[in-house]
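Here is the file upload_21.txt (compact mmCIF, C-alpha atoms).
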# COMPACT_ATOMS: atom_id res chain seq x y z
CA MET A 1 33.86 -18.52 1.96
CA SER A 2 30.71 -18.77 -0.08
CA ASP A 3 30.80 -17.58 -3.67
CA ALA A 4 27.19 -16.42 -3.42
CA THR A 5 26.61 -12.79 -4.36
CA PRO A 6 25.18 -10.69 -1.53
CA LEU A 7 21.61 -9.61 -2.14
CA THR A 8 21.24 -5.96 -3.01
CA LYS A 9 18.62 -3.90 -1.23
CA THR A 10 16.85 -1.59 -3.69
CA ALA A 11 14.68 1.39 -2.72
CA LEU A 12 11.51 1.78 -4.78
CA THR A 13 9.87 5.11 -5.63
CA PRO A 14 7.47 4.94 -8.59
CA ALA A 15 7.05 8.06 -10.76
CA THR A 16 3.56 8.46 -9.26
CA HIS A 17 5.02 9.02 -5.79
CA THR A 18 6.76 11.99 -4.21
CA THR A 19 10.23 11.66 -2.78
CA PRO A 20 9.71 10.68 0.87
CA PRO A 21 10.01 13.64 3.28
CA ALA A 22 12.38 11.72 5.57
CA LYS A 23 15.04 9.02 5.20
CA PHE A 24 12.73 6.14 4.20
CA SER A 25 11.57 4.42 1.03
CA HIS A 26 8.09 3.83 -0.33
CA GLY A 27 9.18 0.26 -0.86
CA VAL A 28 12.28 -1.88 -0.61
CA ARG A 29 13.16 -5.09 -2.44
CA LYS A 30 15.91 -7.46 -1.41
CA GLY A 31 16.13 -10.73 -3.29
CA ASN A 32 12.60 -12.03 -3.67
CA ILE A 33 11.18 -10.05 -0.73
CA LEU A 34 9.45 -6.72 -1.29
CA GLN A 35 8.14 -4.58 1.56
CA VAL A 36 5.74 -1.76 0.69
CA ALA A 37 5.81 1.00 3.30
CA GLY A 38 2.54 2.39 4.62
CA GLN A 39 0.69 4.10 1.78
CA VAL A 40 -2.18 6.55 1.99
CA GLY A 41 -4.71 7.85 -0.53
CA PHE A 42 -2.66 10.63 -2.09
CA LEU A 43 -3.24 11.28 -5.79
CA PRO A 44 -0.25 10.83 -8.12
CA ALA A 45 2.51 13.32 -7.39
CA VAL A 46 2.66 16.65 -9.20
CA GLU A 47 6.13 18.19 -9.04
CA GLY A 48 6.23 21.31 -6.89
CA GLU A 49 2.83 20.66 -5.31
CA ALA A 50 1.98 19.24 -1.90
CA PRO A 51 0.42 15.75 -1.85
CA THR A 52 -3.38 15.82 -2.24
CA PRO A 53 -5.81 13.21 -0.86
CA ALA A 54 -7.93 11.44 -3.51
CA GLY A 55 -11.09 12.72 -1.88
CA PRO A 56 -12.84 13.04 1.41
CA THR A 57 -14.53 9.62 1.34
CA LEU A 58 -13.17 6.31 2.56
CA ARG A 59 -13.94 4.73 -0.84
CA GLU A 60 -11.92 7.32 -2.77
CA GLN A 61 -8.99 7.12 -0.40
CA THR A 62 -9.01 3.31 -0.19
CA LEU A 63 -9.05 2.83 -3.96
CA GLN A 64 -6.22 5.36 -4.36
CA THR A 65 -4.27 3.68 -1.57
CA PHE A 66 -4.62 0.33 -3.38
CA ALA A 67 -3.37 2.03 -6.57
CA ASN A 68 -0.39 3.45 -4.67
CA VAL A 69 0.51 0.06 -3.16
CA LYS A 70 0.12 -1.59 -6.57
CA ALA A 71 2.45 0.99 -8.19
CA ILE A 72 5.20 0.10 -5.71
CA LEU A 73 4.61 -3.63 -6.17
CA GLU A 74 4.93 -3.22 -9.93
CA GLU A 75 8.03 -1.01 -9.57
CA GLY A 76 9.63 -3.92 -7.70
CA GLY A 77 8.48 -6.56 -10.20
CA ALA A 78 5.61 -7.88 -8.07
CA SER A 79 1.84 -8.12 -8.33
CA TRP A 80 -1.05 -8.56 -5.92
CA ASP A 81 -0.61 -12.34 -6.27
CA ASP A 82 2.83 -11.99 -4.67
CA VAL A 83 1.45 -10.26 -1.57
CA MET A 84 1.58 -12.48 1.49
CA MET A 85 0.43 -9.97 4.13
CA MET A 86 -1.37 -6.64 4.15
CA ARG A 87 -1.95 -4.42 7.13
CA VAL A 88 -4.78 -1.89 6.98
CA TYR A 89 -4.91 1.01 9.41
CA LEU A 90 -8.14 2.98 9.81
CA THR A 91 -8.68 6.19 11.74
CA ASP A 92 -12.28 5.35 12.70
CA THR A 93 -13.77 2.09 13.97
CA ASP A 94 -17.01 2.98 12.18
CA HIS A 95 -15.18 2.44 8.85
CA PHE A 96 -14.54 -1.29 9.31
CA ALA A 97 -17.67 -2.54 7.48
CA GLU A 98 -17.30 -0.10 4.57
CA MET A 99 -13.59 -0.84 4.19
CA ASN A 100 -14.29 -4.59 4.14
CA GLU A 101 -16.88 -4.06 1.40
CA ILE A 102 -14.47 -1.96 -0.69
CA TYR A 103 -11.63 -4.45 -0.03
CA ASN A 104 -13.73 -7.48 -1.03
CA GLN A 105 -14.97 -5.82 -4.22
CA TYR A 106 -11.51 -4.59 -5.23
CA PHE A 107 -9.81 -7.94 -4.72
CA ALA A 108 -12.66 -9.86 -6.40
CA GLU A 109 -11.85 -7.76 -9.49
CA GLN A 110 -8.12 -8.65 -9.27
CA ASN A 111 -8.74 -12.38 -9.91
CA LEU A 112 -6.18 -13.44 -7.31
CA GLN A 113 -5.04 -17.03 -7.05
CA ALA A 114 -5.46 -16.70 -3.27
CA PRO A 115 -6.09 -13.62 -1.13
CA PRO A 116 -3.25 -12.40 1.09
CA ALA A 117 -3.38 -12.65 4.84
CA ALA A 118 -4.56 -9.32 6.21
CA ARG A 119 -5.26 -7.53 9.44
CA THR A 120 -7.06 -4.29 10.15
CA THR A 121 -6.57 -2.06 13.13
CA VAL A 122 -7.53 1.45 14.18
CA TYR A 123 -4.71 3.96 14.17
CA VAL A 124 -5.42 7.60 14.90
CA GLY A 125 -2.04 9.11 14.00
CA LEU A 126 -2.57 9.84 10.30
CA PRO A 127 -2.33 13.43 9.04
CA LYS A 128 -5.59 15.38 9.04
CA SER A 129 -8.16 14.29 6.43
CA LEU A 130 -6.48 10.91 5.77
CA LEU A 131 -8.67 7.94 6.68
CA ILE A 132 -6.64 4.84 5.75
CA GLU A 133 -3.09 3.53 5.43
CA ILE A 134 -2.01 0.17 3.97
CA ASP A 135 1.33 -1.62 3.89
CA ALA A 136 2.15 -4.92 2.21
CA LEU A 137 4.78 -7.67 2.20
CA ALA A 138 5.33 -9.56 -1.04
CA VAL A 139 7.45 -12.60 -1.86
CA LEU A 140 8.31 -13.05 -5.54
CA GLY A 141 8.98 -16.26 -7.38

Turn the structure described in the file into structure tokens.
Amino acid sequence: MSDATPLTKTALTPATHTTPPAKFSHGVRKGNILQVAGQVGFLPAVEGEAPTPAGPTLREQTLQTFANVKAILEEGGASWDDVMMMRVYLTDTDHFAEMNEIYNQYFAEQNLQAPPAARTTVYVGLPKSLLIEIDALAVLG
């Protein structure tokens, strides 16, 4: 028998986020691994009110989505430098170039040691008016 303590899995819900509508977490950390669930461009939660998109534009929603991912990373003790992989889901193929421009500008401002691996795909299943979803996998330490 090993005397190692089992790693605890911890659900992460920052104060800026609503309680998930189903049995899932905005993020989960176990040991030094943190998985951020798919985030969209909802403004910070206001108790008793439905989630509201940051705006109608891809830029507004992308920047808010980055803020939402970052809030979960920070809640779990991580930063953008800990992110190993990001997956970006767009609802419109015409948004690829604009999203890449926003992405490049945002991460240039973060002064990362090295950018994470990333992939972008088109996914049409987001709720009406939402244009982008991002999830991330971070490894701490």

Q.
So that I can see what lies close to segment 123-134 of chain A, please list as a ChimeraX atom specification the residues with an atom at most 9 Å from it, counting all atoms listed in the file and leaving out residues fewer than 2 positions away in the same chain.
A. /A:36-42,53,55-58,61-62,65-66,69,86-92,95,121,136

Q.
I'd like the interatomic distance between atom CA of Pro21 of chain A and atom CA of Thr52 of chain A, to a tenth of an Å.
A. 14.6 Å

Q.
Can you measure atom CA of Glu74 of chain A to atom CA of Arg119 of chain A for me? One decimal in Å is fine.
A. 22.3 Å

(Q) Taking 2 positions as the minimum chain separation for residues in the same chain, which residues sit within 7 Å of Ile72 of chain A when counting all atoms listed in the file? Answer as number ranges by chain. (A) A: 12-14, 27, 36, 68-70, 74-76

Go ahead and write the residues just picked, C-alpha atoms, as an mmCIF file, keeping the file's coordinate frame.
data_model
loop_
_atom_site.group_PDB
_atom_site.id
_atom_site.type_symbol
_atom_site.label_atom_id
_atom_site.label_comp_id
_atom_site.auth_asym_id
_atom_site.auth_seq_id
_atom_site.Cartn_x
_atom_site.Cartn_y
_atom_site.Cartn_z
ATOM 1 C CA LEU A 12 11.510 1.780 -4.780
ATOM 2 C CA THR A 13 9.870 5.110 -5.630
ATOM 3 C CA PRO A 14 7.470 4.940 -8.590
ATOM 4 C CA GLY A 27 9.180 0.260 -0.860
ATOM 5 C CA VAL A 36 5.740 -1.760 0.690
ATOM 6 C CA ASN A 68 -0.390 3.450 -4.670
ATOM 7 C CA VAL A 69 0.510 0.060 -3.160
ATOM 8 C CA LYS A 70 0.120 -1.590 -6.570
ATOM 9 C CA GLU A 74 4.930 -3.220 -9.930
ATOM 10 C CA GLU A 75 8.030 -1.010 -9.570
ATOM 11 C CA GLY A 76 9.630 -3.920 -7.700
#

(Q) With all atoms listed in the file as the counted atoms, please give the residues lying no more than 12 Å from Glu49 of chain A, apart from itself and same-chain residues fewer than 3 positions off, as a PyMOL selection string. (A) chain A and resi 17-19+42-46+52

(Q) Can you pull out the residues contacting Pro115 of chain A? Cut-off 10 Å, using only C-alpha atoms, and skip same-chain residues under 6 positions away; I want them as a ChimeraX atom specification. (A) /A:80-86,104,107-108

Q. Which residue out of A:Leu140, A:Ala114, A:Val122, A:Ala97 has the minimum interatomic distance to Arg59 of chain A when only C-alpha atoms are used?
A.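 Checking each candidate against Arg59 of chain A, we get A:Ala97 as the closest.
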
Q.
Rounded to one decimal, what separation in Å do you get between atom CA of Pro51 of chain A and atom CA of Ser79 of chain A?
A.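 Value for the atom CA of Pro51 of chain A-atom CA of Ser79 of chain A distance: 24.8 Å.
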
Q. So which residues are close to (18.4, -5.8, 0.4), meaning at most 8 Å away in the file's coordinates with only C-alpha atoms counted, and can you show them as a ChimeraX atom specification?
A. /A:7-10,28-31

Q. Using only C-alpha atoms, which of A:Gln35, A:Leu137, A:Asn100, A:Ala78 sits nearest Ala117 of chain A?
A. A:Leu137

Please complete segment 77-99 of chain A with N, CA and C atoms and give it back as a compact mmCIF listing (two decimals), in the coordinates of the input.
# COMPACT_ATOMS: atom_id res chain seq x y z
N GLY A 77 8.65 -5.32 -9.45
CA GLY A 77 8.48 -6.56 -10.20
C GLY A 77 7.48 -7.53 -9.59
N ALA A 78 6.60 -7.03 -8.74
CA ALA A 78 5.61 -7.88 -8.07
C ALA A 78 4.20 -7.54 -8.52
N SER A 79 3.26 -8.36 -8.08
CA SER A 79 1.84 -8.12 -8.33
C SER A 79 1.07 -8.45 -7.05
N TRP A 80 -0.24 -8.23 -7.08
CA TRP A 80 -1.05 -8.56 -5.92
C TRP A 80 -0.93 -10.04 -5.56
N ASP A 81 -0.72 -10.90 -6.56
CA ASP A 81 -0.61 -12.34 -6.27
C ASP A 81 0.64 -12.67 -5.47
N ASP A 82 1.61 -11.77 -5.45
CA ASP A 82 2.83 -11.99 -4.67
C ASP A 82 2.69 -11.53 -3.22
N VAL A 83 1.62 -10.81 -2.92
CA VAL A 83 1.45 -10.26 -1.57
C VAL A 83 1.05 -11.37 -0.61
N MET A 84 1.84 -11.47 0.47
CA MET A 84 1.58 -12.48 1.49
C MET A 84 0.79 -11.89 2.66
N MET A 85 1.05 -10.61 2.96
CA MET A 85 0.43 -9.97 4.13
C MET A 85 0.17 -8.51 3.84
N MET A 86 -1.03 -8.07 4.20
CA MET A 86 -1.37 -6.64 4.15
C MET A 86 -1.85 -6.21 5.52
N ARG A 87 -1.46 -5.01 5.88
CA ARG A 87 -1.95 -4.42 7.13
C ARG A 87 -2.69 -3.14 6.76
N VAL A 88 -3.91 -3.04 7.25
CA VAL A 88 -4.78 -1.89 6.98
C VAL A 88 -4.97 -1.14 8.29
N TYR A 89 -4.75 0.16 8.23
CA TYR A 89 -4.91 1.01 9.41
C TYR A 89 -6.01 2.01 9.12
N LEU A 90 -7.03 2.04 9.95
CA LEU A 90 -8.14 2.98 9.81
C LEU A 90 -8.09 3.99 10.94
N THR A 91 -8.64 5.16 10.70
CA THR A 91 -8.68 6.19 11.74
C THR A 91 -9.99 6.18 12.51
N ASP A 92 -10.96 5.34 12.08
CA ASP A 92 -12.28 5.35 12.70
C ASP A 92 -12.85 3.93 12.72
N THR A 93 -13.21 3.44 13.88
CA THR A 93 -13.77 2.09 13.97
C THR A 93 -15.06 1.95 13.17
N ASP A 94 -15.77 3.04 12.95
CA ASP A 94 -17.01 2.98 12.18
C ASP A 94 -16.76 2.67 10.70
N HIS A 95 -15.51 2.69 10.25
CA HIS A 95 -15.18 2.44 8.85
C HIS A 95 -14.90 0.98 8.54
N PHE A 96 -14.89 0.10 9.55
CA PHE A 96 -14.54 -1.29 9.31
C PHE A 96 -15.44 -1.94 8.25
N ALA A 97 -16.74 -1.86 8.40
CA ALA A 97 -17.67 -2.54 7.48
C ALA A 97 -17.52 -2.00 6.06
N GLU A 98 -17.45 -0.69 5.91
CA GLU A 98 -17.30 -0.10 4.57
C GLU A 98 -15.97 -0.50 3.95
N MET A 99 -14.90 -0.47 4.73
CA MET A 99 -13.59 -0.84 4.19
C MET A 99 -13.60 -2.30 3.75
